[in-house]
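Asker: To start, I am sharing the structure in question, which I have written as structure tokens.
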Amino acid sequence: MKPDLFQAPDYYNLDELLTDEHKMVRDAAREWVKREVSPIIEDYAQKAEFPKQIIKGLADIGAFGPYIPEQYGGAGLDQISYGLIMQEIERGDSGVRSTASVQSSLVMYPIWKYGSEEQRVKYLPKLASGEFMGCFGLTEPDHGSNPGGMITNFKDKGDHYLLNGAKMWISNAPFADIAVVWAKDESGRIHGLIVERGMEGFTTPETHNKWSLRASATGELIFDNVKVPKENLLPNKSGLGAPLGCLDSARYGIAWGAIGAAMDCYDTALRYSKERIQFDKPIGATQLQQKKLAEMITEITKAQLLTWRLGVLRNEGKATTAQISMAKRNNVDMALTIARDARQMLGGMGITGEYSIMRHMMNLESVVTYEGTHDIHLLITGMDVTGFAAFK
Ligand code: TGC
Ligand code: FAD
């Protein structure tokens with residue numbers, strides 16, 4: 001793979017909106033990605049393997065629980081710092097960002113928000129340091145966009161719960177030490193349970209042959225009469241709103257992350273357009289390639305502004321689910337369009353692993369699907385503006 005020469009575009013001087021702490025956190029993540037992710041990621045994506053050796057580095061840059069309070073091992077940062085870390089990691093690879101998103105927003109967040117104090121103390125510091133890795137089991141083979149229909153369930157057996165069912169498409173599942181699993185009780189109400197690797201009847205087969213997110217491990221969670229201790233139930237929130245609340249936090253991180261992938265594709269295509277000579281001049285001197293670059297930088301700039309504003313609203317505790325949904329949908333769609341155009345700008349070289357663009361493009365096909373598909377997010381905005389839910 002080519003050396004990482006990334007230079008971040010900042011067309012509207014957005015750095016002026018960031019605090020010194022934001023810039024320090026972002027620059028540390030940016031340097032770490034250049035040093036530890038860029039040199040190895042293409043190889044791991046080709047091998048379809050998650051590079052486990054980067055777990056400690058992810059913890060060191062604050063990627064595991066950036067906004068979780070320091071008393072539980074988190075970095076105690078604000079929402080914009082969290083977003084900037086996700087942006088920089090996804091600039092390297094969406095699969096690595098997935099690992100960080102799941103650990104922070106889908107495992108640490110529910111334990112922090114819905115867990116008991118004992119659960120917080122037991123799990124959060126180890127998750128923040130990367131000693132424990134976690135995964136989040138909501139999607140099932142027959143219930144993806146409609147998680148409320150889930151059939152995974154547990155029964156009260158007096159001194160423990162008995163868990164049965166299966167989850168599919170679960171990021172980090174093959175190596176996770178714990179899983180936050182969403183299942184229905186005997187009355188049909190959804191609860192979160194912490195299931196630990198090693199519990200009898202709990203297996204995590206890996207999903208193979210993906211063309212996307214190849215450097216992220218994906219798997220199933222199978223529960224065959226798993227005895228879960230009663231103290232592993234998250235006591236402070238139940239109902240579908242509990243897992244959906246975690247998705248707000250993860251979707252917000254993805255909105256920032258997608259900007260990172262888009263910036264990397266734009267920066268690579270811009271540099272290539274100045275170096276690649278055809279018909280005796282750089283392709284960047286042709287009107288058609290300039291149109292692509294002009295549209296890319298415009299869309300990146302609009303997404304940066306939208307997402308920074310969303311970060312301010314999140315810091316003030318005012319961002320709505322629908323606002324977060326709009327940013328996730330817009331930014332991933334924007335990044336995917338930029339990745340496709342940037343890949344074409346590199347001609348034949350664009351399909352090789354010499355450059356990061358095709359990997360970003362393939363990764364973004366998962367990002368546009370998970371955490372709510374593009375269509376589901378259109379329907380969330382549709383519902384918000386009309387008052388009618390068109391899902392059912
Ligand atoms: P609906 O009737 O609208 O809502 C059910 C209850 O939940 C409440 N609620 C929320 N609460 C907190 N936060 C939110 N964001 C909430 N959204 C809704 C709602 O008020 C209601 O509460 P109550 O008290 O009235 O019962 O639910 P619905 O069944 O009609 O579904 C709505 C829909 C389609 C929007 C929702 O199901 C949805 O978002 N579907 C998409 C599923 C999804 O995003 N799955 C993601 C799985 S995890 C994943 O993909 C990880 S990838 C990780 C990575 O690698 O980065
Ligand atoms: P479906 O829900 O079957 O949707 C199929 C198509 O129908 C889509 O185009 C959708 O937009 C459309 N559709 C569905 N309902 C409607 C409707 N009402 N109106 C119009 N169109 C509709 N899940 C987890 O729980 N944890 C994870 O860690 C996780 N990681 C993932 C990692 C990867 C790589 C992938 C690909 C997925 C992951 N997921 C995870 C699952 C992901 O959230 C689901 O794939 C996603 O929610 C869509 O569900 P589905 O695949 O069942 O598609």
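Labels for the structure tokens follow display order: chains A, B, ..., residues from 1 in each chain, ligands from 1.
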Looking only at alpha helix (DSSP H) from DSSP on the backbone, list the matching residues of segment 149-375 of chain A as a VMD selection string.

Answerer: chain A and resid 241 to 275 287 to 315 321 to 345 357 to 367 374 to 375

Asker: Output C-alpha atoms for every residue in the selection just made, as a compact mmCIF listing (two decimals), in the first residue's frame.

Answerer:
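Contents of selection-v1.txt, freshly written:
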```txt
# COMPACT_ATOMS: atom_id res chain seq x y z
CA GLY A 241 -36.28 2.13 23.78
CA ALA A 242 -33.31 0.70 25.73
CA PRO A 243 -31.40 -0.74 22.73
CA LEU A 244 -32.61 2.13 20.51
CA GLY A 245 -31.10 4.60 23.00
CA CYS A 246 -27.69 2.94 22.48
CA LEU A 247 -28.15 3.29 18.72
CA ASP A 248 -28.49 7.07 19.07
CA SER A 249 -24.98 7.21 20.49
CA ALA A 250 -23.49 4.82 17.92
CA ARG A 251 -25.22 6.48 14.94
CA TYR A 252 -23.84 9.83 16.07
CA GLY A 253 -20.31 8.36 16.02
CA ILE A 254 -20.92 6.90 12.56
CA ALA A 255 -22.01 10.32 11.25
CA TRP A 256 -18.52 11.62 12.15
CA GLY A 257 -16.79 8.43 11.03
CA ALA A 258 -18.25 8.60 7.53
CA ILE A 259 -16.70 12.06 7.12
CA GLY A 260 -13.32 10.48 7.82
CA ALA A 261 -13.77 7.86 5.09
CA ALA A 262 -14.95 10.56 2.66
CA MET A 263 -11.98 12.83 3.49
CA ASP A 264 -9.54 9.99 2.82
CA CYS A 265 -11.11 9.22 -0.58
CA TYR A 266 -11.19 12.91 -1.56
CA ASP A 267 -7.61 13.55 -0.46
CA THR A 268 -6.34 10.48 -2.31
CA ALA A 269 -8.20 11.37 -5.51
CA LEU A 270 -7.07 15.01 -5.34
CA ARG A 271 -3.41 14.01 -5.02
CA TYR A 272 -3.74 11.44 -7.81
CA SER A 273 -5.42 13.97 -10.10
CA LYS A 274 -2.39 16.27 -9.85
CA GLU A 275 0.10 13.46 -10.55
CA GLN A 287 -13.20 19.84 -16.33
CA LEU A 288 -14.85 16.48 -15.67
CA GLN A 289 -12.41 15.52 -12.89
CA GLN A 290 -12.61 19.02 -11.37
CA LYS A 291 -16.40 18.70 -11.25
CA LYS A 292 -16.04 15.54 -9.20
CA LEU A 293 -13.53 17.12 -6.80
CA ALA A 294 -15.59 20.32 -6.46
CA GLU A 295 -18.69 18.33 -5.57
CA MET A 296 -16.76 16.16 -3.12
CA ILE A 297 -15.29 19.05 -1.13
CA THR A 298 -18.68 20.79 -1.09
CA GLU A 299 -20.44 17.73 0.31
CA ILE A 300 -17.68 17.06 2.86
CA THR A 301 -17.88 20.68 4.06
CA LYS A 302 -21.69 20.53 4.39
CA ALA A 303 -21.40 17.27 6.36
CA GLN A 304 -18.72 18.74 8.63
CA LEU A 305 -20.97 21.70 9.48
CA LEU A 306 -24.07 19.52 10.04
CA THR A 307 -22.16 17.16 12.29
CA TRP A 308 -20.36 19.80 14.30
CA ARG A 309 -23.75 21.42 15.03
CA LEU A 310 -25.14 18.02 16.01
CA GLY A 311 -22.19 17.63 18.39
CA VAL A 312 -23.04 20.96 20.04
CA LEU A 313 -26.66 19.80 20.45
CA ARG A 314 -25.44 16.48 21.92
CA ASN A 315 -23.22 18.34 24.38
CA THR A 321 -33.13 10.75 17.57
CA ALA A 322 -34.38 12.14 14.26
CA GLN A 323 -31.55 14.71 14.06
CA ILE A 324 -28.97 11.99 14.69
CA SER A 325 -30.65 9.73 12.14
CA MET A 326 -30.49 12.47 9.48
CA ALA A 327 -26.75 12.96 10.02
CA LYS A 328 -26.03 9.21 9.87
CA ARG A 329 -28.01 8.83 6.65
CA ASN A 330 -26.69 11.94 4.95
CA ASN A 331 -23.04 11.44 5.83
CA VAL A 332 -22.84 7.74 4.94
CA ASP A 333 -24.61 8.36 1.62
CA MET A 334 -22.25 11.29 0.98
CA ALA A 335 -19.19 9.14 1.77
CA LEU A 336 -20.37 6.28 -0.42
CA THR A 337 -20.96 8.61 -3.39
CA ILE A 338 -17.53 10.18 -2.90
CA ALA A 339 -15.86 6.77 -2.62
CA ARG A 340 -17.46 5.62 -5.88
CA ASP A 341 -16.45 8.82 -7.75
CA ALA A 342 -12.94 8.82 -6.25
CA ARG A 343 -12.44 5.20 -7.26
CA GLN A 344 -13.28 6.06 -10.86
CA MET A 345 -10.83 8.97 -10.79
CA ILE A 357 -10.49 3.96 -1.83
CA MET A 358 -11.94 0.62 -2.93
CA ARG A 359 -11.67 -0.70 0.65
CA HIS A 360 -13.56 2.37 1.93
CA MET A 361 -16.16 1.93 -0.81
CA MET A 362 -16.77 -1.70 0.07
CA ASN A 363 -16.80 -0.96 3.82
CA LEU A 364 -19.37 1.79 3.38
CA GLU A 365 -21.80 -0.73 1.88
CA SER A 366 -22.06 -2.18 5.40
CA VAL A 367 -22.12 1.22 7.08
CA HIS A 374 -30.61 4.25 4.57
CA ASP A 375 -34.31 3.52 3.93
```

Asker: Collect all residues with atoms no farther than 7 Å from ligand 2, counting only C-alpha atoms and all ligand atoms, and output them as an MDAnalysis selection string.

Answerer: chainID A and resid 102 135:139 141:146 168:172 212:213 218 366 369:376 390:392

Asker: Give the answer as one residue: which of A:Ala389, A:Ile68, A:Leu221, A:Ala215 has the shortest atom-to-atom distance to ligand 1, using only C-alpha atoms and all ligand atoms?

Answerer: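 Of A:Ala389, A:Ile68, A:Leu221, A:Ala215, the one nearest ligand 1, counting only C-alpha atoms and all ligand atoms, is A:Ala389.
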
Asker: Between A:Pro205, A:Gly198, A:Gly74, A:Pro66, which residue has the minimum interatomic distance to Pro174 of chain A, considering only C-alpha atoms?

Answerer: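 Smallest distance to Pro174 of chain A is found for A:Pro205.
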
Asker: Can you tell me which residues surround Asp27 of chain A at a distance of at most 12 Å, considering only C-alpha atoms, apart from same-chain residues fewer than 3 positions away, and format the answer as a list of chain:residue names?

Answerer: A:Gln7, A:Ala8, A:Asp15, A:Asp20, A:Glu21, A:His22, A:Lys23, A:Met24, A:Arg30, A:Glu31, A:Trp32, A:Val33, A:Lys34, A:Ile61, A:Ser81, A:Leu84, A:Ile85, A:Gln87, A:Glu88, A:Ile89
